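So this block is entry.txt, compact mmCIF, C-alpha atoms:
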# COMPACT_ATOMS: atom_id res chain seq x y z
CA MET A 401 92.65 81.24 156.35
CA GLU A 402 92.03 78.38 153.91
CA SER A 403 88.50 79.55 153.20
CA LEU A 404 89.72 83.12 152.68
CA LEU A 405 92.24 81.95 150.11
CA GLN A 406 89.54 79.95 148.35
CA ALA A 407 87.14 82.88 148.29
CA TYR A 408 90.01 84.92 146.86
CA HIS A 409 90.35 82.42 143.99
CA HIS A 410 86.65 82.76 143.19
CA LEU A 411 86.80 86.53 143.49
CA ALA A 412 89.75 86.69 141.09
CA VAL A 413 87.96 84.48 138.55
CA VAL A 414 84.88 86.73 138.68
CA PHE A 415 87.07 89.83 138.45
CA LEU A 416 88.89 88.55 135.37
CA MET A 417 85.63 87.60 133.71
CA MET A 418 84.03 90.98 134.47
CA THR A 419 87.08 92.88 133.21
CA GLY A 420 86.71 91.04 129.91
CA PHE A 421 82.98 91.76 129.91
CA TYR A 422 83.62 95.47 130.60
CA ILE A 423 86.09 95.63 127.69
CA MET A 424 83.51 94.04 125.39
CA VAL A 425 80.79 96.49 126.43
CA ALA A 426 82.79 99.70 126.75
CA TYR A 427 85.09 99.70 123.73
CA ASP A 428 84.00 100.26 120.14
CA ASN A 429 87.06 98.68 118.56
CA LEU A 430 86.36 95.14 117.34
CA VAL A 431 89.87 93.79 118.01
CA LYS A 432 89.70 95.16 121.55
CA LYS A 433 86.36 93.43 122.04
CA LEU A 434 87.95 90.14 120.95
CA ILE A 435 90.77 90.61 123.49
CA GLY A 436 88.05 91.06 126.12
CA LEU A 437 86.34 87.89 124.92
CA ASN A 438 89.67 86.07 125.34
CA LEU A 439 89.84 87.21 128.97
CA VAL A 440 86.34 85.86 129.61
CA GLN A 441 87.36 82.53 128.08
CA VAL A 442 90.47 82.28 130.23
CA SER A 443 88.47 82.96 133.39
CA VAL A 444 86.05 80.14 132.55
CA PHE A 445 89.01 77.81 131.99
CA ILE A 446 90.42 78.73 135.43
CA PHE A 447 87.04 78.08 137.04
CA PHE A 448 86.78 74.57 135.56
CA ILE A 449 90.33 73.61 136.49
CA LEU A 450 89.77 74.89 140.07
CA MET A 451 86.82 72.49 140.32
CA GLY A 452 89.00 69.56 139.21
CA LYS A 453 91.56 70.07 141.97
CA VAL A 454 91.69 67.36 144.64
CA GLY A 455 93.51 68.26 147.85
CA GLY A 456 96.71 66.25 148.29
CA GLY A 457 96.23 64.77 144.84
CA SER A 458 98.62 64.59 141.96
CA ALA A 459 98.37 65.15 138.21
CA PRO A 460 96.14 62.50 136.56
CA ILE A 461 99.03 60.42 135.23
CA LEU A 462 98.89 56.97 136.81
CA ALA A 463 102.00 56.04 138.77
CA PRO A 464 102.65 53.46 141.47
CA GLY A 465 102.45 54.74 145.01
CA ILE A 466 100.07 57.64 144.34
CA GLU A 467 96.62 57.37 145.91
CA ALA A 468 94.76 60.55 144.95
CA TYR A 469 94.57 62.10 141.49
CA ALA A 470 93.05 65.33 140.25
CA ASN A 471 89.76 64.95 138.42
CA PRO A 472 90.70 64.35 134.75
CA LEU A 473 87.30 65.26 133.34
CA PRO A 474 87.55 69.09 133.54
CA HIS A 475 91.08 68.81 132.12
CA VAL A 476 89.78 67.01 129.03
CA LEU A 477 86.96 69.52 128.56
CA ILE A 478 89.20 72.57 128.92
CA LEU A 479 92.01 71.12 126.82
CA THR A 480 89.72 70.94 123.82
CA ALA A 481 87.93 74.18 124.72
CA ILE A 482 91.20 76.13 124.58
CA VAL A 483 91.94 75.01 121.04
CA VAL A 484 88.34 75.51 119.91
CA GLY A 485 88.47 78.97 121.55
CA ILE A 486 91.50 80.04 119.53
CA ALA A 487 89.84 78.77 116.35
CA ALA A 488 86.74 80.85 117.13
CA THR A 489 88.88 83.89 117.96
CA ALA A 490 90.70 83.50 114.65
CA LEU A 491 87.36 83.47 112.84
CA GLY A 492 86.41 86.70 114.67
CA LEU A 493 89.73 88.30 113.74
CA ALA A 494 89.23 87.30 110.11
CA LEU A 495 85.82 88.98 110.16
CA ALA A 496 87.40 92.09 111.72
CA ILE A 497 90.01 92.27 108.92
CA ARG A 498 87.29 91.86 106.31
CA ILE A 499 85.16 94.57 107.94
CA SER A 500 88.10 96.96 108.10
CA ARG A 501 88.79 96.34 104.40
CA ALA A 502 85.17 96.94 103.44
CA CYS A 503 84.37 99.91 105.73
CA GLY A 504 87.83 101.35 106.40
CA SER A 505 87.17 101.22 110.12
CA LEU A 506 87.14 98.82 113.05
CA ASP A 507 84.83 100.99 115.14
CA ASP A 508 81.39 99.43 115.54
CA ARG A 509 79.61 102.79 116.00
CA LEU A 510 81.21 104.20 112.85
CA ILE A 511 80.29 101.04 110.93
CA ALA A 512 76.67 101.36 112.11
CA HIS A 513 76.67 105.00 110.88
CA LEU A 514 78.03 103.94 107.48
CA GLU A 515 75.26 101.38 107.16
CA ARG A 516 72.61 103.94 108.05
CA ASP A 517 73.96 106.38 105.48
CA GLU A 518 73.75 103.74 102.77
CA ASP A 519 70.07 103.04 103.46
CA MET B 1145 105.64 90.99 105.19
CA PRO B 1146 106.04 93.55 107.94
CA PHE B 1147 107.37 90.96 110.38
CA ILE B 1148 110.77 89.91 109.08
CA THR B 1149 113.28 91.09 111.62
CA ARG B 1150 116.80 92.26 110.83
CA ASN B 1151 117.87 92.24 114.46
CA PRO B 1152 120.72 89.67 114.55
CA ILE B 1153 119.99 88.55 118.13
CA LEU B 1154 116.34 87.80 117.37
CA ARG B 1155 117.25 86.09 114.10
CA GLU B 1156 119.87 83.89 115.75
CA THR B 1157 117.51 82.98 118.62
CA ALA B 1158 114.71 82.06 116.24
CA HIS B 1159 117.19 80.16 114.07
CA THR B 1160 118.10 77.96 117.05
CA LEU B 1161 114.61 77.71 118.54
CA ALA B 1162 112.53 76.87 115.45
CA PRO B 1163 113.96 73.37 114.73
CA THR B 1164 114.06 72.54 118.44
CA THR B 1165 110.39 73.49 118.73
CA LEU B 1166 109.47 71.26 115.79
CA LEU B 1167 111.35 68.32 117.32
CA TYR B 1168 109.76 68.95 120.70
CA ALA B 1169 106.32 68.94 119.08
CA LEU B 1170 106.99 65.45 117.71
CA TYR B 1171 108.04 64.31 121.20
CA VAL B 1172 104.84 65.75 122.69
CA GLN B 1173 102.79 64.08 119.96
CA PHE B 1174 104.15 60.57 120.43
CA HIS B 1175 104.81 60.68 124.16
CA GLY B 1176 101.30 61.89 124.98
CA ASP B 1177 100.27 58.47 126.31
CA TYR B 1178 102.88 58.45 129.05
CA GLY B 1179 103.32 62.07 130.05
CA PRO B 1180 101.39 65.27 129.54
CA GLY B 1181 100.86 65.90 125.86
CA GLY B 1182 98.93 64.69 122.88
CA GLY B 1183 97.66 65.79 119.51
CA PHE B 1184 96.18 69.14 120.58
CA GLN B 1185 99.37 70.38 122.24
CA ALA B 1186 101.69 68.90 119.61
CA GLY B 1187 99.76 70.47 116.75
CA VAL B 1188 99.88 73.92 118.33
CA ILE B 1189 103.58 73.64 119.25
CA PHE B 1190 104.48 72.43 115.74
CA SER B 1191 102.67 75.39 114.18
CA VAL B 1192 104.37 77.78 116.60
CA GLY B 1193 107.71 76.42 115.33
CA LEU B 1194 106.67 76.96 111.72
CA ILE B 1195 105.36 80.47 112.47
CA LEU B 1196 108.68 81.30 114.18
CA TYR B 1197 110.42 80.17 110.99
CA ALA B 1198 108.09 82.35 108.93
CA LEU B 1199 108.73 85.38 111.15
CA THR B 1200 112.50 84.99 110.78
CA TYR B 1201 112.87 84.09 107.12
CA GLY B 1202 109.71 85.47 105.56
CA LEU B 1203 106.49 83.94 104.35
CA GLU B 1204 107.89 82.69 101.04
CA ARG B 1205 110.37 80.35 102.65
CA ALA B 1206 107.81 79.13 105.16
CA GLN B 1207 105.41 78.42 102.32
CA ALA B 1208 108.14 76.46 100.57
CA VAL B 1209 108.16 74.19 103.63
CA LEU B 1210 104.39 74.00 104.04
CA SER B 1211 102.41 75.64 101.27
CA ARG B 1212 98.91 77.01 101.72
CA ARG B 1213 97.57 74.22 99.55
CA THR B 1214 99.29 71.62 101.78
CA ALA B 1215 97.83 73.27 104.87
CA GLU B 1216 94.35 73.01 103.36
CA VAL B 1217 94.87 69.33 102.52
CA LEU B 1218 96.36 68.56 105.97
CA SER B 1219 93.47 70.14 107.85
CA ALA B 1220 90.97 67.95 105.99
CA PHE B 1221 93.21 64.87 106.09
CA GLY B 1222 93.39 64.89 109.90
CA VAL B 1223 89.61 64.85 110.32
CA LEU B 1224 89.42 62.10 107.71
CA LEU B 1225 92.08 60.00 109.49
CA TYR B 1226 90.15 60.37 112.77
CA ALA B 1227 86.82 59.36 111.24
CA LEU B 1228 88.35 56.49 109.24
CA THR B 1229 89.85 55.06 112.43
CA GLY B 1230 86.32 54.91 113.78
CA VAL B 1231 85.06 53.32 110.58
CA ALA B 1232 87.90 50.75 110.69
CA ALA B 1233 86.68 49.68 114.12
CA MET B 1234 83.16 49.34 112.69
CA LEU B 1235 84.43 47.21 109.81
CA ARG B 1236 85.98 44.82 112.32
CA GLY B 1237 82.62 44.39 114.01
CA ALA B 1238 82.82 46.80 116.95
CA ALA B 1239 81.14 50.14 117.60
CA PHE B 1240 82.31 53.39 115.97
CA LEU B 1241 85.65 54.46 117.56
CA ASP B 1242 85.86 51.30 119.71
CA TYR B 1243 89.57 50.68 119.15
CA SER B 1244 89.69 47.38 121.07
CA ALA B 1245 88.72 45.57 117.85
CA LEU B 1246 91.66 46.99 115.87
CA ALA B 1247 94.10 44.25 116.99
CA GLN B 1248 94.08 40.79 118.51
CA GLN B 1249 94.66 42.14 122.02
CA PRO B 1250 92.16 44.82 123.12
CA LEU B 1251 94.90 46.87 124.80
CA SER B 1252 97.16 46.97 121.74
CA GLY B 1253 94.09 47.80 119.65
CA GLN B 1254 93.43 50.75 121.97
CA HIS B 1255 97.06 51.79 121.58
CA ILE B 1256 96.89 51.75 117.79
CA GLY B 1257 93.56 53.63 117.82
CA ILE B 1258 94.79 56.33 120.19
CA MET B 1259 97.99 56.83 118.17
CA ALA B 1260 95.97 57.17 114.96
CA ILE B 1261 93.42 59.63 116.25
CA GLU B 1262 96.01 61.74 118.12
CA LEU B 1263 97.90 61.95 114.84
CA GLY B 1264 94.68 63.03 113.13
CA VAL B 1265 94.08 65.72 115.75
CA GLY B 1266 97.66 67.00 115.49
CA VAL B 1267 97.64 67.10 111.69
CA THR B 1268 94.32 68.95 111.59
CA ILE B 1269 95.52 71.55 114.06
CA VAL B 1270 98.81 72.15 112.22
CA GLY B 1271 96.83 72.54 108.99
CA VAL B 1272 94.19 74.87 110.41
CA VAL B 1273 96.57 77.09 112.42
CA MET B 1274 99.00 77.48 109.51
CA LEU B 1275 96.12 78.14 107.11
CA ILE B 1276 94.71 80.83 109.41
CA PHE B 1277 98.19 82.34 109.83
CA TYR B 1278 98.74 82.51 106.06
CA LEU B 1279 95.30 84.04 105.49
CA LEU B 1280 95.67 86.64 108.27
CA THR B 1281 99.12 87.72 107.01
CA ASP B 1282 97.97 87.78 103.39
CA THR B 1283 97.59 91.53 102.87
CA GLY B 1284 95.99 91.13 99.46
CA GLU B 1285 98.92 92.35 97.34
CA ALA B 1286 99.67 88.91 95.95
CA GLY B 1287 96.10 88.11 94.92
CA MET C 532 98.41 75.85 151.43
CA SER C 533 101.58 77.10 149.74
CA GLY C 534 100.06 76.01 146.45
CA GLN C 535 97.01 78.13 147.16
CA LEU C 536 99.17 81.13 148.04
CA LEU C 537 101.00 80.67 144.74
CA GLY C 538 97.64 80.46 142.97
CA CYS C 539 96.47 83.70 144.60
CA ALA C 540 99.67 85.46 143.56
CA LEU C 541 99.35 84.30 139.94
CA LEU C 542 95.68 85.26 139.83
CA THR C 543 96.48 88.71 141.25
CA LEU C 544 99.13 89.26 138.59
CA SER C 545 96.79 88.28 135.77
CA ALA C 546 94.05 90.48 137.25
CA VAL C 547 96.52 93.41 137.18
CA ALA C 548 97.31 92.59 133.55
CA ALA C 549 93.57 92.54 132.80
CA VAL C 550 93.10 95.99 134.38
CA ILE C 551 95.94 97.40 132.28
CA ILE C 552 94.38 95.83 129.16
CA ALA C 553 91.06 97.49 130.05
CA ARG C 554 92.71 100.89 130.50
CA THR C 555 95.16 101.07 127.59
CA ASP C 556 94.15 102.29 124.17
CA ASN C 557 97.18 100.66 122.57
CA LEU C 558 96.04 97.41 120.94
CA PHE C 559 99.62 96.18 120.52
CA SER C 560 100.35 96.28 124.24
CA ALA C 561 96.87 94.92 125.04
CA ALA C 562 97.56 91.84 122.86
CA LEU C 563 100.99 91.30 124.43
CA LEU C 564 99.55 91.67 127.95
CA ALA C 565 96.80 89.17 127.13
CA GLY C 566 99.53 86.72 126.08
CA MET C 567 101.44 87.37 129.28
CA SER C 568 98.34 86.83 131.39
CA SER C 569 97.79 83.52 129.55
CA LEU C 570 101.30 82.43 130.52
CA LEU C 571 100.56 83.25 134.18
CA VAL C 572 97.33 81.26 133.95
CA ALA C 573 99.29 78.34 132.46
CA ALA C 574 101.54 78.38 135.55
CA LEU C 575 98.40 78.41 137.71
CA PHE C 576 97.08 75.33 135.86
CA LEU C 577 100.37 73.56 136.56
CA SER C 578 100.02 74.30 140.28
CA LEU C 579 96.45 72.91 140.12
CA ASP C 580 97.75 69.51 138.84
CA ALA C 581 96.66 70.03 135.25
CA PRO C 582 99.90 69.75 133.20
CA ASP C 583 98.08 68.93 129.96
CA VAL C 584 95.94 72.05 130.16
CA ALA C 585 98.93 74.17 131.22
CA PHE C 586 100.78 72.97 128.15
CA THR C 587 97.93 73.87 125.83
CA GLU C 588 97.28 77.24 127.44
CA ALA C 589 100.96 78.21 127.22
CA ALA C 590 101.22 77.22 123.56
CA VAL C 591 97.84 78.63 122.51
CA GLY C 592 97.34 81.64 124.76
CA ALA C 593 100.88 82.96 124.85
CA GLY C 594 101.92 81.75 121.41
CA VAL C 595 99.34 81.36 118.69
CA SER C 596 96.66 83.78 119.92
CA THR C 597 99.17 86.61 120.48
CA ILE C 598 100.51 86.07 116.95
CA PHE C 599 96.97 86.11 115.52
CA PHE C 600 96.14 89.38 117.32
CA LEU C 601 99.40 91.00 116.20
CA THR C 602 98.95 89.95 112.57
CA THR C 603 95.41 91.34 112.67
CA ILE C 604 96.64 94.65 114.09
CA ALA C 605 99.28 94.76 111.33
CA ALA C 606 96.78 93.81 108.63
CA THR C 607 94.22 96.45 109.65
CA GLY C 608 96.91 99.08 110.28
CA ARG C 609 95.19 100.38 113.40
CA GLN C 610 97.30 100.24 116.51
CA TYR C 611 95.10 102.43 118.71
CA ALA C 612 91.50 102.01 119.82
CA TYR C 613 89.36 105.05 120.47
CA ALA C 614 88.63 105.75 124.12
CA PRO C 615 85.75 103.62 125.43
CA SER C 616 82.43 105.30 124.64
CA ARG C 617 80.23 103.17 126.91
CA ARG C 618 82.36 103.35 130.03
CA VAL C 619 79.56 103.97 132.55
CA PRO C 620 77.10 101.33 131.28
CA GLY C 621 80.01 98.90 131.00
CA LEU C 622 81.10 99.49 134.59
CA VAL C 623 77.55 99.23 135.92
CA LEU C 624 76.80 96.03 134.01
CA ALA C 625 80.11 94.43 134.94
CA ALA C 626 79.77 95.35 138.62
CA ALA C 627 76.18 94.06 138.83
CA THR C 628 76.91 90.80 137.01
CA GLY C 629 80.12 90.30 138.95
CA TRP C 630 78.34 90.80 142.27
CA LEU C 631 75.66 88.27 141.29
CA LEU C 632 78.25 85.73 140.18
CA PHE C 633 80.35 86.09 143.31
CA TYR C 634 77.28 85.95 145.53
CA SER C 635 76.20 82.65 143.97
CA MET C 636 79.75 81.33 144.18
CA LEU C 637 79.70 81.67 147.97
CA ASP C 638 77.54 78.53 148.05
CA PHE C 639 80.14 76.54 146.16
CA PRO C 640 81.79 73.53 147.79
CA TRP C 641 85.32 74.09 149.00
CA LEU C 642 88.04 73.54 146.47
CA GLY C 643 90.05 70.36 146.67
CA ASP C 644 87.50 68.47 148.76
CA ALA C 645 88.02 64.86 147.63
CA SER C 646 84.60 63.75 148.91
CA LEU C 647 82.62 65.86 146.41
CA ALA C 648 80.09 64.10 144.19
CA LEU C 649 81.98 65.72 141.33
CA HIS C 650 84.97 63.43 141.95
CA ASP C 651 82.88 60.35 142.66
CA HIS C 652 81.09 59.57 139.42
CA VAL C 653 82.73 58.88 136.07
CA ALA C 654 85.97 60.54 137.18
CA ARG C 655 86.61 57.81 139.75
CA TYR C 656 85.71 55.15 137.19
CA TYR C 657 88.17 56.60 134.67
CA ILE C 658 91.00 56.74 137.20
CA GLU C 659 90.39 53.20 138.48
CA HIS C 660 89.69 51.41 135.19
CA SER C 661 91.52 53.27 132.42
CA ALA C 662 94.80 51.40 132.98
CA ALA C 663 93.10 48.03 132.47
CA GLU C 664 90.65 49.08 129.76
CA VAL C 665 92.60 51.58 127.67
CA GLY C 666 96.22 51.38 128.73
CA PRO C 667 98.00 54.75 128.72
CA PRO C 668 99.11 55.99 132.14
CA ASN C 669 97.94 59.48 131.24
CA VAL C 670 94.25 59.40 132.18
CA VAL C 671 93.58 62.64 130.31
CA THR C 672 94.76 61.03 127.07
CA SER C 673 92.67 57.92 127.55
CA VAL C 674 89.52 59.90 128.37
CA LEU C 675 90.12 62.33 125.51
CA ALA C 676 90.96 59.76 122.88
CA SER C 677 89.08 56.64 123.90
CA TYR C 678 86.23 57.10 126.40
CA ARG C 679 85.18 60.41 124.88
CA GLY C 680 86.48 59.82 121.37
CA LEU C 681 83.26 60.95 119.74
CA ASP C 682 83.37 64.30 121.59
CA THR C 683 86.91 64.86 120.42
CA LEU C 684 85.91 64.05 116.85
CA GLY C 685 83.30 66.81 117.19
CA GLU C 686 85.89 69.25 118.52
CA VAL C 687 88.25 68.50 115.64
CA CYS C 688 85.38 69.08 113.22
CA VAL C 689 84.69 72.46 114.90
CA ILE C 690 88.34 73.45 114.46
CA PHE C 691 88.25 72.34 110.83
CA ALA C 692 85.04 74.32 110.33
CA ALA C 693 86.69 77.42 111.82
CA GLY C 694 89.56 77.00 109.36
CA VAL C 695 87.10 76.72 106.48
CA GLY C 696 85.27 79.78 107.82
CA VAL C 697 88.44 81.89 107.83
CA MET C 698 89.16 80.64 104.32
CA ILE C 699 85.71 81.76 103.16
CA VAL C 700 85.97 85.17 104.87
CA LEU C 701 89.53 86.03 103.82
CA GLY C 702 90.52 83.67 101.04
CA ARG C 703 90.31 84.53 97.39
CA PHE C 704 88.15 81.50 96.78
CA GLY C 705 86.27 83.10 93.91
CA HIS C 706 89.30 83.73 91.70
CA SER C 707 91.12 80.45 92.10
CA GLY C 708 87.85 78.50 91.98
CA ARG C 709 86.74 80.11 88.72
CA ALA C 710 90.21 79.73 87.21
CA GLY C 711 90.22 76.04 88.14
CA GLN C 712 86.80 75.54 86.55
CA SER C 713 87.72 77.26 83.29
CA SER C 714 90.92 75.25 82.95
CA ARG C 715 88.98 72.07 83.50
CA ARG C 716 86.45 73.15 80.90
CA GLY C 717 89.37 73.79 78.55
CA GLU C 718 90.54 70.21 78.97
CA GLU C 719 87.12 68.85 78.09
Before we go any further, please render this structure as structure tokens.
Amino acid sequence: MESLLQAYHHLAVVFLMMTGFYIMVAYDNLVKKLIGLNLVQVSVFIFFILMGKVGGGSAPILAPGIEAYANPLPHVLILTAIVVGIAATALGLALAIRISRACGSLDDRLIAHLERDED
Amino acid sequence: MPFITRNPILRETAHTLAPTTLLYALYVQFHGDYGPGGGFQAGVIFSVGLILYALTYGLERAQAVLSRRTAEVLSAFGVLLYALTGVAAMLRGAAFLDYSALAQQPLSGQHIGIMAIELGVGVTIVGVVMLIFYLLTDTGEAG
Amino acid sequence: MSGQLLGCALLTLSAVAAVIIARTDNLFSAALLAGMSSLLVAALFLSLDAPDVAFTEAAVGAGVSTIFFLTTIAATGRQYAYAPSRRVPGLVLAAATGWLLFYSMLDFPWLGDASLALHDHVARYYIEHSAAEVGPPNVVTSVLASYRGLDTLGEVCVIFAAGVGVMIVLGRFGHSGRAGQSSRRGEE
């Protein structure tokens, strides 16, 4: 039962990541692609935090009477990765706004056509 | 600004929540040593409070609180504060970012160093998030 | 055990949200659902003993990133995406990659096993020595700010660089910059 639940965690992480990947491949819209990228990011975060879990442990805040703590290292990595991720997403969104102002479209196929016409 | 709401319930909720969020961000910033929290979280929560204010009262009033220029300066100032803390440790004869040298007792030196760099992190994040928010909402009519 | 059941429930809910995001053509609801799924993931982080990360994910994923997506949708004036044009290659690629990933994950050590090498190296050192060497009871803070201070300085620089990047892409640097220069030249 335990191992089934754990396999389910892994399966869900892979499913979330692949849904984001599918959105990035299938859709033409740049904002939609960025939403997919966000899903991929979140699934990586979940994977790291799952690795840091220690059975019977507590949050890594030292307190008397607690023996086992979760591994603080993945927490530190993901904490900073989340904020860096939003900064990168914001940069992508800024590029999308700029592209839509310049080309009048957010559709990457249409933008590729426009470029070909200009050449 | 397409975001300003005239719905009285939303306005009243945001009116109550925005100052509370700002205060809570300060708590998270300075209590980060003892509980969950720290500069990253506090910076984001503080900017969420400011953005809530902007969504209720409009960009002009939010920019009267924290102008775009101030946001630019803050984002650079935080990185500078962080790096200067490291340099201060070097000037006192220790390695870069080794806060133990910042005071007589190593532990209080660590405390001062952590406070300073968490403040730097928080200030940078408030500056960058508010700057990005202002730029994304700037539809180009003003410029 | 109950914690793992809770985790499975939260993961299932966010997977459902992800499927709806993949199927809808409405960008507005996709952005809101992504925020909601972030909030669910934040609850999952809390159940995995990571309150700091849960905090950040709730504030960033459900707060700031949703606002950024919504402002972008408002700024570009396009609320709907066209139907996906590469649906079949997308599904094939995602299924193949997903199968490979899951297959390799079957070899992973069991979650929560305290005897893993992962928990034995620096992590143990940080937990045992941070109180005496750094001070704060929150080990995450002492690792982030003190032991790995240089890493965090790099992260802050990356965030600052992203802010500068957005300023370059969207800001009206050219106008204000030139105006500033001419006024300075006037003073000379």
Which residues of chain B are close to chain C, meaning at most 8 Å apart when you count only C-alpha atoms, and how do they look as a PyMOL selection string? chain B and resi 1146+1176-1182+1184-1185+1188-1189+1192+1219-1220+1223+1226-1227+1241-1243+1251+1254-1255+1258+1261-1262+1265+1268-1269+1272-1273+1275-1277+1279-1281+1283+1287
What separates CA of Ile435 in chain A and CA of Ala412 in chain A is a distance of 18.1 Å
Can I get the residues of chain A within 12 Å of chain B, each with the closest pair of atoms and their distance in Å to one decimal, using all atoms listed in the file, sorted chain first then ascending number, as JSON lines?
{"residue": "A:Ala459", "atom": "CA", "partner": "B:Pro1180", "partner_atom": "CA", "distance": 9.2}
{"residue": "A:Pro460", "atom": "CA", "partner": "B:Pro1180", "partner_atom": "CA", "distance": 9.2}
{"residue": "A:Ile461", "atom": "CA", "partner": "B:Gly1179", "partner_atom": "CA", "distance": 6.9}
{"residue": "A:Leu462", "atom": "CA", "partner": "B:Tyr1178", "partner_atom": "CA", "distance": 8.9}
{"residue": "A:Ala463", "atom": "CA", "partner": "B:Tyr1178", "partner_atom": "CA", "distance": 10.1}
{"residue": "A:Pro472", "atom": "CA", "partner": "B:Pro1180", "partner_atom": "CA", "distance": 11.9}
{"residue": "A:His475", "atom": "CA", "partner": "B:Pro1180", "partner_atom": "CA", "distance": 11.2}
{"residue": "A:Val476", "atom": "CA", "partner": "B:Phe1184", "partner_atom": "CA", "distance": 10.8}
{"residue": "A:Ile478", "atom": "CA", "partner": "B:Phe1184", "partner_atom": "CA", "distance": 11.4}
{"residue": "A:Leu479", "atom": "CA", "partner": "B:Phe1184", "partner_atom": "CA", "distance": 7.8}
{"residue": "A:Thr480", "atom": "CA", "partner": "B:Phe1184", "partner_atom": "CA", "distance": 7.4}
{"residue": "A:Ala481", "atom": "CA", "partner": "B:Phe1184", "partner_atom": "CA", "distance": 10.5}
{"residue": "A:Ile482", "atom": "CA", "partner": "B:Phe1184", "partner_atom": "CA", "distance": 9.5}
{"residue": "A:Val483", "atom": "CA", "partner": "B:Phe1184", "partner_atom": "CA", "distance": 7.3}
{"residue": "A:Val484", "atom": "CA", "partner": "B:Ile1269", "partner_atom": "CA", "distance": 10.1}
{"residue": "A:Ile486", "atom": "CA", "partner": "B:Val1273", "partner_atom": "CA", "distance": 9.2}
{"residue": "A:Ala487", "atom": "CA", "partner": "B:Val1273", "partner_atom": "CA", "distance": 8.0}
{"residue": "A:Ala488", "atom": "CA", "partner": "B:Ile1276", "partner_atom": "CA", "distance": 11.1}
{"residue": "A:Thr489", "atom": "CA", "partner": "B:Ile1276", "partner_atom": "CA", "distance": 10.8}
{"residue": "A:Ala490", "atom": "CA", "partner": "B:Ile1276", "partner_atom": "CA", "distance": 7.1}
{"residue": "A:Leu491", "atom": "CA", "partner": "B:Ile1276", "partner_atom": "CA", "distance": 8.5}
{"residue": "A:Gly492", "atom": "CA", "partner": "B:Leu1280", "partner_atom": "CA", "distance": 11.3}
{"residue": "A:Leu493", "atom": "CA", "partner": "B:Leu1280", "partner_atom": "CA", "distance": 8.2}
{"residue": "A:Ala494", "atom": "CA", "partner": "B:Leu1280", "partner_atom": "CA", "distance": 6.7}
{"residue": "A:Leu495", "atom": "CA", "partner": "B:Leu1280", "partner_atom": "CA", "distance": 10.3}
{"residue": "A:Ala496", "atom": "CA", "partner": "B:Leu1280", "partner_atom": "CA", "distance": 10.5}
{"residue": "A:Ile497", "atom": "CA", "partner": "B:Leu1280", "partner_atom": "CA", "distance": 8.0}
{"residue": "A:Arg498", "atom": "CA", "partner": "B:Leu1280", "partner_atom": "CA", "distance": 10.1}
{"residue": "A:Arg501", "atom": "CA", "partner": "B:Thr1283", "partner_atom": "CA", "distance": 10.1}
CA of Asp580 in chain C and CA of Ser596 in chain C, how far apart in Å?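 Separating CA of Ser596 in chain C from CA of Asp580 in chain C is a distance of 23.7 Å.
Distance annotation: of A:Val454, A:Phe448, A:Ala407, A:Glu402, the residue with the minimal separation from chain C is A:Val454; atom set is all atoms listed in the file.
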With distances taken over all atoms listed in the file, which residue among C:Leu631, C:Ala593, C:Ala553, C:Ala573 lies nearest chain A?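 Counting all atoms listed in the file, the residue closest to chain A is C:Ala553.
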Could you tell me how far CA of Phe639 in chain C sits from CA of Ser545 in chain C, in Å to one decimal place? 22.9 Å
Close residues, Arg554 in chain C itself excluded, 12 Å, only C-alpha atoms, min 3 positions apart in chain, as a count of residues only: 23
Of the listed residues A:Lys453, A:Arg509, A:Lys433, A:Arg516, that which approaches chain C most closely, counting only C-alpha atoms: A:Lys453
Name the closest residue to chain A among the candidates C:Cys539, C:Glu659, C:Ser578, C:Leu571; distances are taken between atoms, counting all atoms listed in the file. C:Cys539
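Distance check against chain A using only C-alpha atoms: of C:Ala627, C:His660, C:His652, C:Ser616, the minimum falls on C:Ser616.
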Determine, counting all atoms listed in the file, which protein, DNA and RNA residues have an atom within 8 Å of an atom of Leu542 in chain C; residues of the same chain fewer than 4 positions away are not included. Present the result as an mmCIF file with C-alpha atoms, keeping the file's coordinate frame.
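This went into around34.cif:
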data_model
loop_
_atom_site.group_PDB
_atom_site.id
_atom_site.type_symbol
_atom_site.label_atom_id
_atom_site.label_comp_id
_atom_site.auth_asym_id
_atom_site.auth_seq_id
_atom_site.Cartn_x
_atom_site.Cartn_y
_atom_site.Cartn_z
ATOM 1 C CA HIS A 409 90.350 82.420 143.990
ATOM 2 C CA ALA A 412 89.750 86.690 141.090
ATOM 3 C CA VAL A 413 87.960 84.480 138.550
ATOM 4 C CA GLY C 538 97.640 80.460 142.970
ATOM 5 C CA ALA C 546 94.050 90.480 137.250
ATOM 6 C CA LEU C 571 100.560 83.250 134.180
ATOM 7 C CA VAL C 572 97.330 81.260 133.950
ATOM 8 C CA LEU C 575 98.400 78.410 137.710
#
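Here the question is which of C:Gly608, C:Asp644, C:Phe559, C:Ala540 gets nearest to chain A using only C-alpha atoms, and that residue is C:Asp644.
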